[in-house]
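Structure data follow from model-v2.pdb (PDB, C-alpha atoms, pLDDT in the B column):
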ATOM      1  CA  MET A 568     116.303 -63.785 -84.342  1.00 60.00           C
ATOM      2  CA  LYS A 569     118.793 -60.902 -84.461  1.00 63.00           C
ATOM      3  CA  ARG A 570     116.366 -58.695 -82.590  1.00 66.00           C
ATOM      4  CA  PHE A 571     116.039 -61.295 -79.831  1.00 60.00           C
ATOM      5  CA  PHE A 572     119.837 -61.506 -79.586  1.00 56.00           C
ATOM      6  CA  TYR A 573     120.201 -57.720 -79.358  1.00 57.00           C
ATOM      7  CA  LEU A 574     117.476 -57.398 -76.738  1.00 55.00           C
ATOM      8  CA  THR A 575     118.959 -60.222 -74.685  1.00 63.00           C
ATOM      9  CA  SER A 576     122.400 -58.635 -74.918  1.00 60.00           C
ATOM     10  CA  LEU A 577     121.018 -55.245 -73.904  1.00 52.00           C
ATOM     11  CA  PHE A 578     119.187 -56.643 -70.873  1.00 55.00           C
ATOM     12  CA  THR A 579     122.246 -58.626 -69.828  1.00 56.00           C
ATOM     13  CA  LEU A 580     124.425 -55.533 -70.088  1.00 49.00           C
ATOM     14  CA  LEU A 581     121.952 -53.455 -68.085  1.00 51.00           C
ATOM     15  CA  PHE A 582     121.764 -56.174 -65.442  1.00 53.00           C
ATOM     16  CA  LEU A 583     125.539 -56.368 -65.122  1.00 46.00           C
ATOM     17  CA  VAL A 584     125.914 -52.585 -64.917  1.00 48.00           C
ATOM     18  CA  SER A 585     123.210 -52.308 -62.261  1.00 53.00           C
ATOM     19  CA  CYS A 586     124.973 -54.915 -60.114  1.00 59.00           C
ATOM     20  CA  GLY A 587     128.272 -53.027 -60.017  1.00 65.00           C
ATOM     21  CA  PRO A 588     129.520 -50.691 -57.305  1.00 73.00           C
ATOM     22  CA  ASP A 589     127.472 -47.574 -56.701  1.00 86.00           C
ATOM     23  CA  PRO A 590     129.707 -45.127 -54.784  1.00 86.00           C
ATOM     24  CA  GLU A 591     127.028 -42.419 -54.621  1.00 91.00           C
ATOM     25  CA  LYS A 592     124.446 -44.724 -53.105  1.00 94.00           C
ATOM     26  CA  SER A 593     127.090 -46.158 -50.798  1.00 94.00           C
ATOM     27  CA  ARG A 594     127.983 -42.640 -49.613  1.00 95.00           C
ATOM     28  CA  MET A 595     124.306 -41.946 -48.921  1.00 96.00           C
ATOM     29  CA  TYR A 596     124.003 -45.089 -46.769  1.00 97.00           C
ATOM     30  CA  PHE A 597     127.344 -44.314 -45.118  1.00 96.00           C
ATOM     31  CA  ASN A 598     126.248 -40.797 -44.150  1.00 97.00           C
ATOM     32  CA  LYS A 599     123.014 -42.152 -42.667  1.00 97.00           C
ATOM     33  CA  GLY A 600     125.052 -44.732 -40.751  1.00 97.00           C
ATOM     34  CA  ILE A 601     127.276 -41.965 -39.381  1.00 97.00           C
ATOM     35  CA  ASP A 602     124.187 -40.092 -38.167  1.00 97.00           C
ATOM     36  CA  TYR A 603     122.941 -43.189 -36.345  1.00 97.00           C
ATOM     37  CA  HIS A 604     126.405 -44.010 -34.998  1.00 97.00           C
ATOM     38  CA  TYR A 605     126.851 -40.616 -33.393  1.00 96.00           C
ATOM     39  CA  ALA A 606     123.305 -40.776 -32.045  1.00 97.00           C
ATOM     40  CA  THR A 607     124.404 -44.052 -30.348  1.00 96.00           C
ATOM     41  CA  MET A 608     121.792 -45.993 -32.305  1.00 97.00           C
ATOM     42  CA  HIS A 609     124.280 -48.725 -33.132  1.00 96.00           C
ATOM     43  CA  ASP A 610     121.882 -51.324 -34.534  1.00 97.00           C
ATOM     44  CA  LYS A 611     120.617 -48.809 -37.103  1.00 98.00           C
ATOM     45  CA  ALA A 612     124.171 -47.649 -37.798  1.00 98.00           C
ATOM     46  CA  ILE A 613     125.255 -51.235 -38.437  1.00 98.00           C
ATOM     47  CA  GLU A 614     122.316 -51.695 -40.812  1.00 98.00           C
ATOM     48  CA  TYR A 615     123.287 -48.640 -42.876  1.00 97.00           C
ATOM     49  CA  PHE A 616     127.016 -49.342 -42.900  1.00 97.00           C
ATOM     50  CA  GLU A 617     126.236 -52.849 -44.156  1.00 98.00           C
ATOM     51  CA  LYS A 618     124.080 -51.327 -46.910  1.00 97.00           C
ATOM     52  CA  ALA A 619     126.946 -48.977 -47.809  1.00 97.00           C
ATOM     53  CA  ILE A 620     129.304 -51.950 -48.097  1.00 97.00           C
ATOM     54  CA  LYS A 621     126.804 -53.957 -50.114  1.00 96.00           C
ATOM     55  CA  THR A 622     126.601 -51.162 -52.704  1.00 96.00           C
ATOM     56  CA  ASP A 623     130.380 -50.578 -52.756  1.00 96.00           C
ATOM     57  CA  ARG A 624     132.651 -53.328 -51.424  1.00 95.00           C
ATOM     58  CA  ASN A 625     135.629 -50.926 -51.515  1.00 96.00           C
ATOM     59  CA  ASN A 626     134.141 -48.414 -49.096  1.00 97.00           C
ATOM     60  CA  TYR A 627     136.888 -48.676 -46.494  1.00 97.00           C
ATOM     61  CA  GLU A 628     135.311 -45.955 -44.348  1.00 97.00           C
ATOM     62  CA  ALA A 629     132.074 -47.940 -44.110  1.00 98.00           C
ATOM     63  CA  TYR A 630     134.064 -50.959 -42.936  1.00 98.00           C
ATOM     64  CA  TYR A 631     135.886 -48.790 -40.404  1.00 98.00           C
ATOM     65  CA  TYR A 632     132.744 -47.249 -38.934  1.00 98.00           C
ATOM     66  CA  LEU A 633     130.929 -50.576 -39.037  1.00 98.00           C
ATOM     67  CA  GLY A 634     133.790 -51.787 -36.852  1.00 98.00           C
ATOM     68  CA  CYS A 635     133.295 -48.816 -34.525  1.00 98.00           C
ATOM     69  CA  SER A 636     129.591 -49.594 -34.186  1.00 98.00           C
ATOM     70  CA  TYR A 637     130.374 -53.258 -33.540  1.00 98.00           C
ATOM     71  CA  PHE A 638     132.919 -52.222 -30.910  1.00 97.00           C
ATOM     72  CA  ASP A 639     130.378 -49.977 -29.204  1.00 96.00           C
ATOM     73  CA  SER A 640     127.988 -52.953 -29.225  1.00 96.00           C
ATOM     74  CA  ASN A 641     130.605 -55.140 -27.468  1.00 96.00           C
ATOM     75  CA  ARG A 642     131.247 -57.181 -30.623  1.00 97.00           C
ATOM     76  CA  LYS A 643     135.011 -56.827 -30.537  1.00 97.00           C
ATOM     77  CA  ASP A 644     135.840 -59.695 -32.913  1.00 97.00           C
ATOM     78  CA  ASP A 645     133.480 -58.297 -35.532  1.00 98.00           C
ATOM     79  CA  ALA A 646     134.994 -54.843 -34.985  1.00 98.00           C
ATOM     80  CA  LYS A 647     138.521 -56.151 -35.493  1.00 98.00           C
ATOM     81  CA  ASN A 648     137.522 -57.966 -38.691  1.00 98.00           C
ATOM     82  CA  CYS A 649     135.987 -54.790 -40.101  1.00 98.00           C
ATOM     83  CA  TRP A 650     139.044 -52.717 -39.216  1.00 98.00           C
ATOM     84  CA  LEU A 651     141.295 -55.329 -40.818  1.00 98.00           C
ATOM     85  CA  LYS A 652     139.143 -55.142 -43.947  1.00 98.00           C
ATOM     86  CA  SER A 653     139.417 -51.339 -43.971  1.00 98.00           C
ATOM     87  CA  ILE A 654     143.227 -51.543 -44.050  1.00 98.00           C
ATOM     88  CA  GLU A 655     143.122 -54.379 -46.568  1.00 98.00           C
ATOM     89  CA  ILE A 656     141.241 -52.064 -48.928  1.00 98.00           C
ATOM     90  CA  LYS A 657     143.306 -48.978 -48.041  1.00 98.00           C
ATOM     91  CA  PRO A 658     146.674 -50.111 -46.648  1.00 98.00           C
ATOM     92  CA  ASP A 659     147.626 -46.591 -45.504  1.00 98.00           C
ATOM     93  CA  TYR A 660     144.427 -45.994 -43.497  1.00 98.00           C
ATOM     94  CA  ALA A 661     145.826 -44.834 -40.151  1.00 98.00           C
ATOM     95  CA  ASP A 662     142.535 -44.953 -38.233  1.00 98.00           C
ATOM     96  CA  GLY A 663     142.130 -48.662 -38.949  1.00 98.00           C
ATOM     97  CA  TYR A 664     145.589 -49.417 -37.580  1.00 98.00           C
ATOM     98  CA  PHE A 665     145.002 -47.234 -34.539  1.00 98.00           C
ATOM     99  CA  SER A 666     141.724 -48.941 -33.608  1.00 98.00           C
ATOM    100  CA  ILE A 667     143.227 -52.406 -33.935  1.00 98.00           C
ATOM    101  CA  GLY A 668     146.104 -51.210 -31.752  1.00 97.00           C
ATOM    102  CA  LEU A 669     143.613 -50.140 -29.098  1.00 97.00           C
ATOM    103  CA  LEU A 670     142.044 -53.604 -29.116  1.00 97.00           C
ATOM    104  CA  TYR A 671     145.425 -55.226 -28.572  1.00 97.00           C
ATOM    105  CA  LYS A 672     146.211 -52.688 -25.844  1.00 96.00           C
ATOM    106  CA  MET A 673     142.965 -53.630 -24.080  1.00 95.00           C
ATOM    107  CA  ASP A 674     144.114 -57.266 -24.204  1.00 95.00           C
ATOM    108  CA  ASP A 675     147.550 -56.290 -22.800  1.00 96.00           C
ATOM    109  CA  ASP A 676     149.288 -57.484 -25.966  1.00 96.00           C
ATOM    110  CA  ARG A 677     152.066 -54.915 -26.028  1.00 95.00           C
ATOM    111  CA  GLU A 678     153.887 -56.294 -29.059  1.00 96.00           C
ATOM    112  CA  MET A 679     150.833 -56.259 -31.334  1.00 97.00           C
ATOM    113  CA  SER A 680     149.507 -52.944 -30.024  1.00 97.00           C
ATOM    114  CA  CYS A 681     152.898 -51.338 -30.641  1.00 97.00           C
ATOM    115  CA  TYR A 682     152.980 -52.715 -34.177  1.00 97.00           C
ATOM    116  CA  TYR A 683     149.588 -51.241 -35.024  1.00 98.00           C
ATOM    117  CA  PHE A 684     150.249 -47.952 -33.230  1.00 97.00           C
ATOM    118  CA  LYS A 685     153.515 -47.521 -35.133  1.00 97.00           C
ATOM    119  CA  GLN A 686     151.709 -48.237 -38.390  1.00 97.00           C
ATOM    120  CA  ALA A 687     149.080 -45.622 -37.514  1.00 97.00           C
ATOM    121  CA  GLU A 688     151.846 -43.127 -36.776  1.00 97.00           C
ATOM    122  CA  LYS A 689     153.660 -44.029 -39.998  1.00 96.00           C
ATOM    123  CA  PHE A 690     150.517 -43.333 -42.014  1.00 97.00           C
ATOM    124  CA  GLY A 691     149.895 -39.942 -40.453  1.00 96.00           C
ATOM    125  CA  ARG A 692     147.900 -40.401 -37.270  1.00 96.00           C
ATOM    126  CA  ASN A 693     148.697 -37.423 -35.046  1.00 95.00           C
ATOM    127  CA  SER A 694     149.502 -37.418 -31.318  1.00 94.00           C
ATOM    128  CA  MET A 695     150.720 -41.005 -31.172  1.00 96.00           C
ATOM    129  CA  GLU A 696     153.500 -40.315 -28.647  1.00 94.00           C
ATOM    130  CA  ASP A 697     151.424 -41.452 -25.666  1.00 93.00           C
ATOM    131  CA  TYR A 698     150.707 -44.741 -27.431  1.00 95.00           C
ATOM    132  CA  THR A 699     154.177 -45.467 -28.794  1.00 94.00           C
ATOM    133  CA  LYS A 700     156.372 -44.229 -25.918  1.00 92.00           C
ATOM    134  CA  PHE A 701     156.518 -47.709 -24.373  1.00 89.00           C
ATOM    135  CA  CYS A 702     157.253 -49.421 -27.668  1.00 91.00           C
ATOM    136  CA  ASP A 703     160.795 -50.560 -28.459  1.00 76.00           C
TER     137      ASP A 703
END

Final structure tokens representation of the file:
Amino acid sequence: MKRFFYLTSLFTLLFLVSCGPDPEKSRMYFNKGIDYHYATMHDKAIEYFEKAIKTDRNNYEAYYYLGCSYFDSNRKDDAKNCWLKSIEIKPDYADGYFSIGLLYKMDDDREMSCYYFKQAEKFGRNSMEDYTKFCD
């Protein structure tokens, strides 16, 4: 009976460990997604960024680039949600703020675009003067 308990415990532990985040595997999927993204193969990029996120839910870069691929596929709401998730995971991620600011700028929402552009600038995004010069 003890042996059964130990074996069951071991298998349960192995199962739980194998279901946890796998940053190395996530990075591999992310890098493949980047290759597809820059080759403008957005459906494949989306597939690999989603795999990267599935293996590591805290991969803020995968969320960001998934948003970029969605944006390039004219899925602006999905893009915005991914960029929001990237800054939820990493609140000082300037690129996420900048991209959301661009979406609001496209919609002529000056107040919201200025907010996000100023956040991007605050967190180190360079050359923001052209984007923030009309902000109060």

So that I can check the surroundings of Tyr671 (chain A), please list as a ChimeraX atom specification every protein, DNA and RNA residue that reaches within 9 Å of it, counting only C-alpha atoms and ignoring chain neighbours fewer than 6 positions away. /A:677-681,683

Interatomic distance, CA of Asp645 (chain A) to CA of Asp659 (chain A) (Å, one decimal): 20.9 Å

Residues picked by the PyMOL selection byres ((chain A and resi 652) around 10) here, as a VMD selection string? chain A and resid 625 to 628 630 to 631 634 646 to 651 653 to 658 663

Could you give me the axis-aligned bounding box of region 597-613 of chain A, with 4 Å of padding per side, as centre plus edge lengths in Å to one decimal, as JSON?
{"center_x": 124.0, "center_y": -45.7, "center_z": -37.7, "size_x": 14.7, "size_y": 19.2, "size_z": 22.8}

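Evaluated against the shown file, the PyMOL selection byres ((chain A and resi 594) around 10) gives Asp589, Pro590, Glu591, Lys592, Ser593, Met595, Tyr596, Phe597, Asn598, Lys599, Gly600, Phe616, Lys618, Ala619, Ile620, Thr622, Asp623, Asn626, Glu628 and Ala629 of chain A.
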
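This file, filtered with the PyMOL selection byres ((chain A and resi 695) around 12), gives the residues A:Ala661, A:Asp662, A:Tyr664, A:Phe665, A:Gly668, A:Leu669, A:Cys681, A:Tyr683, A:Phe684, A:Lys685, A:Gln686, A:Ala687, A:Glu688, A:Lys689, A:Phe690, A:Gly691, A:Arg692, A:Asn693, A:Ser694, A:Glu696, A:Asp697, A:Tyr698, A:Thr699, A:Lys700, A:Phe701, A:Cys702.
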
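Across the model, the gap from CA of Asp610 (chain A) to CA of Asp676 (chain A) is 29.4 Å.
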
Distance criterion (all atoms listed in the file): nearest to Lys621 (chain A) out of A:Asp674, A:Pro588, A:Tyr682, A:Asp644: A:Pro588

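The two atoms in question, CA of Lys672 (chain A) and CA of Arg624 (chain A), are spaced 29.0 Å apart.
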